[in-house]
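Right, one structure below, let's go through it.
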Number of protein chains: 2
Amino acid sequence: MFAELSPRYKPLTLETIGDYVHSRPELRDIFHENDEFDAVEVGDGNLNLVFKVWAKADRKRTVVFKQALPYLRLVGDSWPLPPDRARIEAQALTIHYQLVPAYTPKVYFYDPDLYLIAMQNLDDHLIMRKGLSQGIQYPHFAEHIGLFLARTLGYTSDLVLDYRAKKMEVARFINPELCKITEDLVFTEPYRYTERNRFDKELEPQVLALQADESLRCEVAKMKTKFMTQAQALVHGDLHTGSIMVNQTDTYVIDPEFAFYAPMGFDVGAVIGNLLLNYAAHEVRTPDPEKRATFRKYLTDTIIRLWQVFEREFAIIWNQVDAINMPKGYQQHYMQGILQDAAGMGACKMMRRIIGLAGVEDIRGIPDVRERCIATSLALNIGVQLIMKRESFTRIEELVETATACRPSYP
Amino acid sequence: MFAELSPRYKPLTLETIGDYVHSRPELRDIFHENDEFDAVEVGDGNLNLVFKVWAKADRKRTVVFKQALPYLRLVGDSWPLPPDRARIEAQALTIHYQLVPAYTPKVYFYDPDLYLIAMQNLDDHLIMRKGLSQGIQYPHFAEHIGLFLARTLGYTSDLVLDYRAKKMEVARFINPELCKITEDLVFTEPYRYTERNRFDKELEPQVLALQADESLRCEVAKMKTKFMTQAQALVHGDLHTGSIMVNQTDTYVIDPEFAFYAPMGFDVGAVIGNLLLNYAAHEVRTPDPEKRATFRKYLTDTIIRLWQVFEREFAIIWNQVDAINMPKGYQQHYMQGILQDAAGMGACKMMRRIIGLAGVEDIRGIPDVRERCIATSLALNIGVQLIMKRESFTRIEELVETATACRPSYP
């Protein structure tokens with residue numbers, strides 16, 4: 001089914017990792033000949049082993065190894081996945097580092113035999129989803145992610161790349177197996193009965209009503225088709241708040257193994273949709289109305305601000321485009337298209353986290369079933385409104401107003 | 001710049017062709033060991049050598065060789081083009097033959113060292129553009145081309161192909177250099193001043209007005225972006241009436257060297273746009289009003305009929321699509337999208353033939369400058385109306401009515 005594994009391929013273990021570190025000349029700037037190591041395996045994803053390694057003598061000298069497993073960890077080896085996705089991830093990280101080094105972990109090397117990426121350890125940072133669920137605000141996030149999105153999307157598109165370079169990049173980032181996961185889990189399964197869907201049975205009436213809504217399903221099918229056919233820019237492809245590491249000063253985007261050429265709105269929408277999932281979770285996570293309103297204002301201000309930064313940074317890219325070939329009105333049409341795609345695709349990414357196989361901690365981590373249903377019901381209602389009204393959006397404020405006008409329908 | 005030519009590469013000549021025929025085992029079903037040959041070079045295109053070869057003893061035993069030159073013949077070797085396009089053409093012809101053998105010349109073999117395709121000789125057929133310019137009707141053409149379009153586009157799309165097969169095909173048909181020709185000549189140069197544009201100076205006021213129309217240029221930019229990013233199906237990529245061989249019973253589609261994954265409407269629009277260019281030409285080519293009306297009715301009936309056949313045959317493909325995942329309304333949306341793309345892209349293909357580098361015989365072959373300007377003016381007006389009104393089209397009749405309501409603006 002896939003290319004043969006190298007005879008050198010084997011999963012690293014805590015026992016073998018020290019020898020592996022010493023075997024790599026690329027790490028000699030970090031580690032010394034006689035170093036001994038502390039190491040832990042921290043992969044909480046479903047696709048990979050992730051090791052953190054520190055020199056015992058000095059824990060500031062450290063590296064992360066991410067190694068692709070040839071199957072999806074969540075469901076065991078029944079769902080084989082090509083480890084070539086590690087190559088995709090290494091190449092995408094390299095491009096991101098060139099475009100936005102401040103927000104991308106540095107790649108030290110890629111080992112094609114082991115499907116292993118050696119990269120910067122982000123120990124001083126937390127997965128953003130966890131922070132947001134605890135109600136922590138990240139004041140610089142909007143500025144950082146807006147810039148990240150504008151540069152990584154704009155500079156990999158036809159607006160900037162030479163016609164030949166762009167098409168070669170499309171070919172290099174053909175990524176069928178990981179796209180298929182998104183096609184199924186984001187755009188297909190939430191909208192029909194499948195055994196893999198997972199939602200509280202108390203929510204079933206709302207889910208069944210949504211699955212019976214042909215006009216909603218038609219809009220979802222349009223988004224799926226766009227995702228499958230529109231090679232607009234190199235997207236991260238999985239840019240939810242679990243792929244973002246933050247603290248009060250820094251933002252890092254990790255894990256672009258789903259990268260391929262797709263609509264820019266898919267990444268922009270992933271960020272917005274996951275902020276809105278968190279917004280929905282705080283319906284019950286923060287019972288105090290004043291605190292809730294404050295944190296939600298932070299979330300919606302972040303959405304507005306990240307879009308403003310995205311537009312501002314993208315405008316710099318537009319200034320590089322041959323003006324003679326750029327008719328008046330086209331830039332506005334293009335940017336509005338990204339906004340509307342972000343609304344539609346972000347909505348799909350919200351709804352799948354409620355109904356589909358892979359949930360998110362913000363929502364599924366709410367222990368009380370009634371409270372969880374209130375939050376999920378609100379998230380579904382926001383998703384439906386965003387996708388159905390997306391074509392009317394000309395400004396980010398309209399997207400936010402549509403979302404914040406929603407209420408849970410769970411009693 | 002491109003892959004190295006094979007050391008075996010050299011252009012065939014009338015002197016070397018006999019030895020080449022005898023060297024190919026694939027032709028032993030056609031030719032005999034002692035055959036001598038008649039051969040002519042008939043390439044009237046700009047990119048290739050085309051040889052017809054007959055056994056002297058029996059002219060029914062015949063083959064065509066099409067060999068890619070490593071430059072664009074029209075402008076000499078100042079515009080190098082990768083001969084790899086011959087591989088693309090051979091692979092596209094092979095797919096077309098599998099899907100619509102009745103309308104595709106049979107490929108006997110592809111020689112990758114010579115970038116040469118050996119294929120069926122269509123001696124009993126005329127380039128359709130020539131026939132139409134002479135006022136010849138082809139009663140079966142609409143039926144044939146409608147079927148050709150539905151099958152070649154439908155069966156190479158995500159509607160039918162497995163997710164992995166589709167993406168591998170996208171990669172295999174990455175075709176940057178030939179796409180660049182279309183991007184420049186169809187979607188860019190006609191809408192600005194360039195030295196390569198060619199139109200009668202008498203038409204300059206209308207051309208300058210068109211090039212100054214920002215709303216038109218904005219719609220053209222949308223079409224260009226779609227062409228460059230939307231990998232919907234394997235399109236022929238150059239399906240004008242010069243790529244179609246016809247007689248009173250048969251239709252063959254040739255020359256798919258521009259093939260790549262693009263919007264289906266690009267091919268459908270190429271056929272419609274070129275029929276409408278011919279419609280415009282008969283404004284002056286057929287002075288007798290009754291004869292003109294009759295031939296034009298044939299042309300517009302052909303457009304309507306080919307779309308009806310396309311829809312009918314495409315419906316068969318829709319029946320193969322997983323119904324559970326196919327919401328009500330989506331099929332109609334999809335088909336309407338093809339119609340609107342066909343209108344917009346067909347319009348661009350019309351206008352470029354008037355303003356841009358590469359003209360068509362229907363129009364540029366009109367000897368009298370005033371008559372030529374009347375026809376070109378009409379063609380431009382049809383193009384502008386089709387692209388500007390395309391989003392209102394829900395039925396093919398609306399497209400045709402919009403076109404036939406146009407008049408020349410040349411005095």
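We name chains A, B, ... following the order of the structure tokens; residues begin at 1 in each chain, and ligands are numbered from 1 as shown.
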### Query
Skipping near chain neighbours, those fewer than 3 positions away, what residues fall within 12 Å of range 408-410 of chain A using only C-alpha atoms, listed as a list of chain:residue names?
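The residues satisfying every condition are A:Asp200, A:Glu202, A:Leu203, A:Glu204, A:Pro205, A:Gln206, A:Val207, A:Ala280, A:Ala281, A:Glu283, A:Val284, A:Val369, A:Arg370, A:Glu371, A:Arg372, A:Cys373, A:Ile374, A:Ala375, A:Thr376, A:Ser377, A:Leu378, A:Ala379, A:Leu380, A:Asn381, A:Ile382, A:Gly383, A:Ala403, A:Thr404, A:Ala405.
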### Message
Residues within 12 Å of Val400 in chain B, please, as a PyMOL selection string. Count only C-alpha atoms; anything in the same chain fewer than 6 positions from it doesn't count.
### Response
chain B and resi 272-273+275-276+279+296-297+299-305+307+339+343+382-383+385-386+389-390+393-394+406
Residue subset to file, keeping N, CA and C atoms, as a PDB file, in the first residue's frame:
```pdb
ATOM      1  N   ILE B 272     -17.664  25.643 -26.213  1.00  0.00           N
ATOM      2  CA  ILE B 272     -18.739  26.628 -26.415  1.00  0.00           C
ATOM      3  C   ILE B 272     -18.162  27.942 -26.948  1.00  0.00           C
ATOM      4  N   GLY B 273     -17.087  28.401 -26.348  1.00  0.00           N
ATOM      5  CA  GLY B 273     -16.484  29.670 -26.772  1.00  0.00           C
ATOM      6  C   GLY B 273     -16.039  29.629 -28.228  1.00  0.00           C
ATOM      7  N   LEU B 275     -17.287  27.655 -30.599  1.00  0.00           N
ATOM      8  CA  LEU B 275     -18.485  27.649 -31.447  1.00  0.00           C
ATOM      9  C   LEU B 275     -19.031  29.073 -31.570  1.00  0.00           C
ATOM     10  N   LEU B 276     -18.940  29.833 -30.495  1.00  0.00           N
ATOM     11  CA  LEU B 276     -19.436  31.218 -30.544  1.00  0.00           C
ATOM     12  C   LEU B 276     -18.497  32.132 -31.334  1.00  0.00           C
ATOM     13  N   TYR B 279     -19.687  31.515 -34.649  1.00  0.00           N
ATOM     14  CA  TYR B 279     -20.962  32.232 -34.757  1.00  0.00           C
ATOM     15  C   TYR B 279     -20.694  33.701 -35.109  1.00  0.00           C
ATOM     16  N   ARG B 296     -26.224  29.631 -38.035  1.00  0.00           N
ATOM     17  CA  ARG B 296     -26.107  30.036 -36.629  1.00  0.00           C
ATOM     18  C   ARG B 296     -27.039  29.233 -35.731  1.00  0.00           C
ATOM     19  N   LYS B 297     -28.218  28.911 -36.252  1.00  0.00           N
ATOM     20  CA  LYS B 297     -29.109  28.075 -35.454  1.00  0.00           C
ATOM     21  C   LYS B 297     -28.465  26.703 -35.225  1.00  0.00           C
ATOM     22  N   LEU B 299     -25.308  26.199 -34.926  1.00  0.00           N
ATOM     23  CA  LEU B 299     -24.275  26.408 -33.897  1.00  0.00           C
ATOM     24  C   LEU B 299     -24.885  26.512 -32.500  1.00  0.00           C
ATOM     25  N   THR B 300     -25.932  27.311 -32.365  1.00  0.00           N
ATOM     26  CA  THR B 300     -26.518  27.482 -31.022  1.00  0.00           C
ATOM     27  C   THR B 300     -27.266  26.217 -30.587  1.00  0.00           C
ATOM     28  N   ASP B 301     -27.903  25.541 -31.524  1.00  0.00           N
ATOM     29  CA  ASP B 301     -28.518  24.250 -31.166  1.00  0.00           C
ATOM     30  C   ASP B 301     -27.445  23.262 -30.704  1.00  0.00           C
ATOM     31  N   THR B 302     -26.295  23.327 -31.358  1.00  0.00           N
ATOM     32  CA  THR B 302     -25.198  22.435 -30.970  1.00  0.00           C
ATOM     33  C   THR B 302     -24.740  22.721 -29.537  1.00  0.00           C
ATOM     34  N   ILE B 303     -24.627  24.005 -29.203  1.00  0.00           N
ATOM     35  CA  ILE B 303     -24.233  24.371 -27.833  1.00  0.00           C
ATOM     36  C   ILE B 303     -25.255  23.844 -26.825  1.00  0.00           C
ATOM     37  N   ILE B 304     -26.535  24.080 -27.124  1.00  0.00           N
ATOM     38  CA  ILE B 304     -27.576  23.626 -26.191  1.00  0.00           C
ATOM     39  C   ILE B 304     -27.560  22.102 -26.080  1.00  0.00           C
ATOM     40  N   ARG B 305     -27.454  21.455 -27.231  1.00  0.00           N
ATOM     41  CA  ARG B 305     -27.505  19.990 -27.245  1.00  0.00           C
ATOM     42  C   ARG B 305     -26.291  19.380 -26.533  1.00  0.00           C
ATOM     43  N   TRP B 307     -24.571  20.560 -24.157  1.00  0.00           N
ATOM     44  CA  TRP B 307     -24.732  20.697 -22.712  1.00  0.00           C
ATOM     45  C   TRP B 307     -25.765  19.698 -22.180  1.00  0.00           C
ATOM     46  N   LEU B 339     -21.479  25.043 -15.461  1.00  0.00           N
ATOM     47  CA  LEU B 339     -22.050  25.916 -16.495  1.00  0.00           C
ATOM     48  C   LEU B 339     -21.508  27.337 -16.369  1.00  0.00           C
ATOM     49  N   ALA B 343     -19.091  29.418 -18.959  1.00  0.00           N
ATOM     50  CA  ALA B 343     -19.396  30.733 -19.520  1.00  0.00           C
ATOM     51  C   ALA B 343     -18.221  31.685 -19.323  1.00  0.00           C
ATOM     52  N   ILE B 382     -19.739  39.417 -27.102  1.00  0.00           N
ATOM     53  CA  ILE B 382     -20.266  38.165 -26.537  1.00  0.00           C
ATOM     54  C   ILE B 382     -19.417  37.747 -25.332  1.00  0.00           C
ATOM     55  N   GLY B 383     -18.103  37.819 -25.492  1.00  0.00           N
ATOM     56  CA  GLY B 383     -17.219  37.432 -24.385  1.00  0.00           C
ATOM     57  C   GLY B 383     -17.496  38.241 -23.123  1.00  0.00           C
ATOM     58  N   GLN B 385     -20.207  39.889 -22.244  1.00  0.00           N
ATOM     59  CA  GLN B 385     -21.520  39.587 -21.665  1.00  0.00           C
ATOM     60  C   GLN B 385     -21.505  38.245 -20.936  1.00  0.00           C
ATOM     61  N   LEU B 386     -20.859  37.258 -21.529  1.00  0.00           N
ATOM     62  CA  LEU B 386     -20.866  35.926 -20.901  1.00  0.00           C
ATOM     63  C   LEU B 386     -20.144  35.936 -19.549  1.00  0.00           C
ATOM     64  N   LYS B 389     -22.200  38.109 -16.929  1.00  0.00           N
ATOM     65  CA  LYS B 389     -23.525  37.613 -16.519  1.00  0.00           C
ATOM     66  C   LYS B 389     -23.493  36.157 -16.064  1.00  0.00           C
ATOM     67  N   ARG B 390     -22.310  35.533 -16.061  1.00  0.00           N
ATOM     68  CA  ARG B 390     -22.271  34.078 -15.865  1.00  0.00           C
ATOM     69  C   ARG B 390     -22.929  33.601 -14.577  1.00  0.00           C
ATOM     70  N   PHE B 393     -26.503  32.498 -14.710  1.00  0.00           N
ATOM     71  CA  PHE B 393     -26.933  31.402 -15.593  1.00  0.00           C
ATOM     72  C   PHE B 393     -27.265  30.149 -14.779  1.00  0.00           C
ATOM     73  N   THR B 394     -28.482  29.657 -14.960  1.00  0.00           N
ATOM     74  CA  THR B 394     -28.836  28.371 -14.359  1.00  0.00           C
ATOM     75  C   THR B 394     -29.122  27.327 -15.441  1.00  0.00           C
ATOM     76  N   CYS B 406     -26.214  39.733 -28.461  1.00  0.00           N
ATOM     77  CA  CYS B 406     -25.131  40.692 -28.695  1.00  0.00           C
ATOM     78  C   CYS B 406     -25.080  41.135 -30.154  1.00  0.00           C
TER      79      CYS B 406
END
```
### strand (DSSP E) residues, from DSSP on the backbone, in range 190-253 of chain B, as a ChimeraX atom specification
/B:233-235,244-246,251-253
Next, write the just-selected residues to a file, as a CSV table (one decimal), in the first residue's frame, keeping all heavy atoms as the atom set.
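Result file follows (result_10.csv):
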```
chain,number,residue,atom,x,y,z
B,233,ALA,N,-10.8,18.2,-12.2
B,233,ALA,CA,-10.8,17.0,-13.1
B,233,ALA,C,-9.6,17.2,-14.1
B,233,ALA,O,-9.1,18.3,-14.3
B,233,ALA,CB,-12.1,16.9,-13.9
B,234,LEU,N,-9.3,16.1,-14.7
B,234,LEU,CA,-8.2,16.1,-15.8
B,234,LEU,C,-8.8,16.8,-17.0
B,234,LEU,O,-9.6,16.1,-17.7
B,234,LEU,CB,-7.7,14.7,-16.1
B,234,LEU,CG,-6.6,14.7,-17.1
B,234,LEU,CD1,-5.3,15.3,-16.6
B,234,LEU,CD2,-6.3,13.2,-17.6
B,235,VAL,N,-8.5,18.0,-17.3
B,235,VAL,CA,-9.0,18.7,-18.4
B,235,VAL,C,-8.1,18.5,-19.6
B,235,VAL,O,-6.9,18.2,-19.5
B,235,VAL,CB,-9.2,20.2,-18.2
B,235,VAL,CG1,-10.1,20.5,-17.1
B,235,VAL,CG2,-7.9,20.9,-18.0
B,244,ILE,N,-10.2,19.3,-32.7
B,244,ILE,CA,-11.2,18.3,-32.9
B,244,ILE,C,-11.3,18.0,-34.4
B,244,ILE,O,-11.2,18.9,-35.2
B,244,ILE,CB,-12.6,18.9,-32.5
B,244,ILE,CG1,-12.6,19.3,-31.0
B,244,ILE,CG2,-13.7,17.9,-32.8
B,244,ILE,CD1,-13.8,20.0,-30.5
B,245,MET,N,-11.2,16.7,-34.7
B,245,MET,CA,-11.3,16.2,-36.1
B,245,MET,C,-12.7,15.6,-36.3
B,245,MET,O,-13.1,14.8,-35.5
B,245,MET,CB,-10.2,15.1,-36.3
B,245,MET,CG,-8.8,15.5,-35.9
B,245,MET,SD,-7.9,16.4,-37.1
B,245,MET,CE,-7.8,15.2,-38.5
B,246,VAL,N,-13.3,16.0,-37.4
B,246,VAL,CA,-14.7,15.5,-37.6
B,246,VAL,C,-14.9,15.1,-39.1
B,246,VAL,O,-14.2,15.5,-40.0
B,246,VAL,CB,-15.7,16.7,-37.3
B,246,VAL,CG1,-15.9,16.9,-35.8
B,246,VAL,CG2,-15.2,18.0,-38.0
B,251,THR,N,-16.3,11.9,-34.6
B,251,THR,CA,-15.6,13.0,-33.9
B,251,THR,C,-14.4,12.5,-33.1
B,251,THR,O,-14.5,11.5,-32.5
B,251,THR,CB,-16.6,13.7,-32.9
B,251,THR,OG1,-17.8,14.1,-33.6
B,251,THR,CG2,-15.9,14.9,-32.2
B,252,TYR,N,-13.3,13.1,-33.3
B,252,TYR,CA,-12.1,12.7,-32.5
B,252,TYR,C,-11.5,14.0,-31.9
B,252,TYR,O,-11.3,15.0,-32.5
B,252,TYR,CB,-11.0,12.1,-33.4
B,252,TYR,CG,-11.3,10.7,-33.9
B,252,TYR,CD1,-11.9,10.4,-35.1
B,252,TYR,CD2,-11.0,9.6,-33.0
B,252,TYR,CE1,-12.2,9.1,-35.5
B,252,TYR,CE2,-11.3,8.3,-33.4
B,252,TYR,CZ,-11.9,8.1,-34.7
B,252,TYR,OH,-12.2,6.8,-35.0
B,253,VAL,N,-11.2,13.8,-30.6
B,253,VAL,CA,-10.5,14.9,-29.9
B,253,VAL,C,-9.0,14.6,-29.8
B,253,VAL,O,-8.6,13.5,-29.4
B,253,VAL,CB,-11.1,15.0,-28.5
B,253,VAL,CG1,-10.3,16.1,-27.7
B,253,VAL,CG2,-12.5,15.4,-28.6
```
So that each row is one residue of chain B with an atom at most 6 Å from chain A, can you give its shortest atom pair and the distance in Å to one decimal, using only C-alpha atoms, rows by chain and rising number, as JSON lines?
```
{"residue": "B:Arg164", "atom": "CA", "partner": "A:Pro176", "partner_atom": "CA", "distance": 5.3}
{"residue": "B:Ala171", "atom": "CA", "partner": "A:Ala171", "partner_atom": "CA", "distance": 4.9}
{"residue": "B:Pro176", "atom": "CA", "partner": "A:Arg164", "partner_atom": "CA", "distance": 5.3}
{"residue": "B:Glu214", "atom": "CA", "partner": "A:Pro327", "partner_atom": "CA", "distance": 5.6}
{"residue": "B:Arg217", "atom": "CA", "partner": "A:Pro327", "partner_atom": "CA", "distance": 5.7}
{"residue": "B:Cys218", "atom": "CA", "partner": "A:Pro327", "partner_atom": "CA", "distance": 5.4}
{"residue": "B:Thr229", "atom": "CA", "partner": "A:Ala231", "partner_atom": "CA", "distance": 4.8}
{"residue": "B:Gln230", "atom": "CA", "partner": "A:Gln230", "partner_atom": "CA", "distance": 4.5}
{"residue": "B:Ala231", "atom": "CA", "partner": "A:Thr229", "partner_atom": "CA", "distance": 4.7}
{"residue": "B:Gln232", "atom": "CA", "partner": "A:Thr229", "partner_atom": "CA", "distance": 5.7}
{"residue": "B:Pro327", "atom": "CA", "partner": "A:Cys218", "partner_atom": "CA", "distance": 5.4}
{"residue": "B:Lys328", "atom": "CA", "partner": "A:Glu214", "partner_atom": "CA", "distance": 5.9}
{"residue": "B:Tyr330", "atom": "CA", "partner": "A:Cys218", "partner_atom": "CA", "distance": 5.4}
```
Can I get the selection written as a compact mmCIF listing (two decimals), in the first residue's frame, with N, CA and C atoms?
```txt
# COMPACT_ATOMS: atom_id res chain seq x y z
N ARG B 164 -6.88 8.54 -3.12
CA ARG B 164 -5.43 8.47 -3.34
C ARG B 164 -5.13 8.54 -4.85
N ALA B 171 -0.65 14.93 -9.23
CA ALA B 171 0.80 15.06 -9.26
C ALA B 171 1.37 14.67 -10.63
N PRO B 176 3.54 22.63 -15.60
CA PRO B 176 3.69 24.08 -15.37
C PRO B 176 3.90 24.90 -16.63
N GLU B 214 -12.34 47.84 -15.15
CA GLU B 214 -11.84 47.14 -13.96
C GLU B 214 -12.77 46.02 -13.52
N ARG B 217 -12.02 43.10 -15.72
CA ARG B 217 -10.71 42.53 -15.39
C ARG B 217 -10.75 41.77 -14.06
N CYS B 218 -11.60 42.24 -13.16
CA CYS B 218 -11.74 41.54 -11.88
C CYS B 218 -12.36 40.15 -12.10
N THR B 229 -5.79 27.17 -9.56
CA THR B 229 -5.83 26.53 -8.25
C THR B 229 -6.82 25.38 -8.12
N GLN B 230 -7.84 25.30 -9.00
CA GLN B 230 -8.90 24.33 -8.72
C GLN B 230 -8.69 23.01 -9.47
N ALA B 231 -8.22 22.00 -8.75
CA ALA B 231 -7.92 20.70 -9.35
C ALA B 231 -9.18 19.82 -9.34
N GLN B 232 -10.12 20.15 -10.23
CA GLN B 232 -11.41 19.45 -10.21
C GLN B 232 -11.39 18.17 -11.03
N PRO B 327 -25.78 15.30 -0.24
CA PRO B 327 -27.01 16.00 0.16
C PRO B 327 -27.80 16.49 -1.05
N LYS B 328 -29.09 16.60 -0.82
CA LYS B 328 -29.99 17.15 -1.82
C LYS B 328 -29.52 18.55 -2.21
N TYR B 330 -26.91 19.40 -3.83
CA TYR B 330 -25.49 19.57 -4.13
C TYR B 330 -25.18 19.29 -5.61
```
### Task
Go through A:Arg198, A:Arg28, A:Arg151, A:His125 and flag the residue nearest Val360 in chain A, using only C-alpha atoms for the distances.
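Residue with the minimum atom-to-atom distance to Val360 in chain A: A:Arg198.
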#### Entry: Computed interatomic separation between CA of Thr152 in chain A and CA of Asn48 in chain A (Å)
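Computing it gives 24.0 Å between the two atoms.
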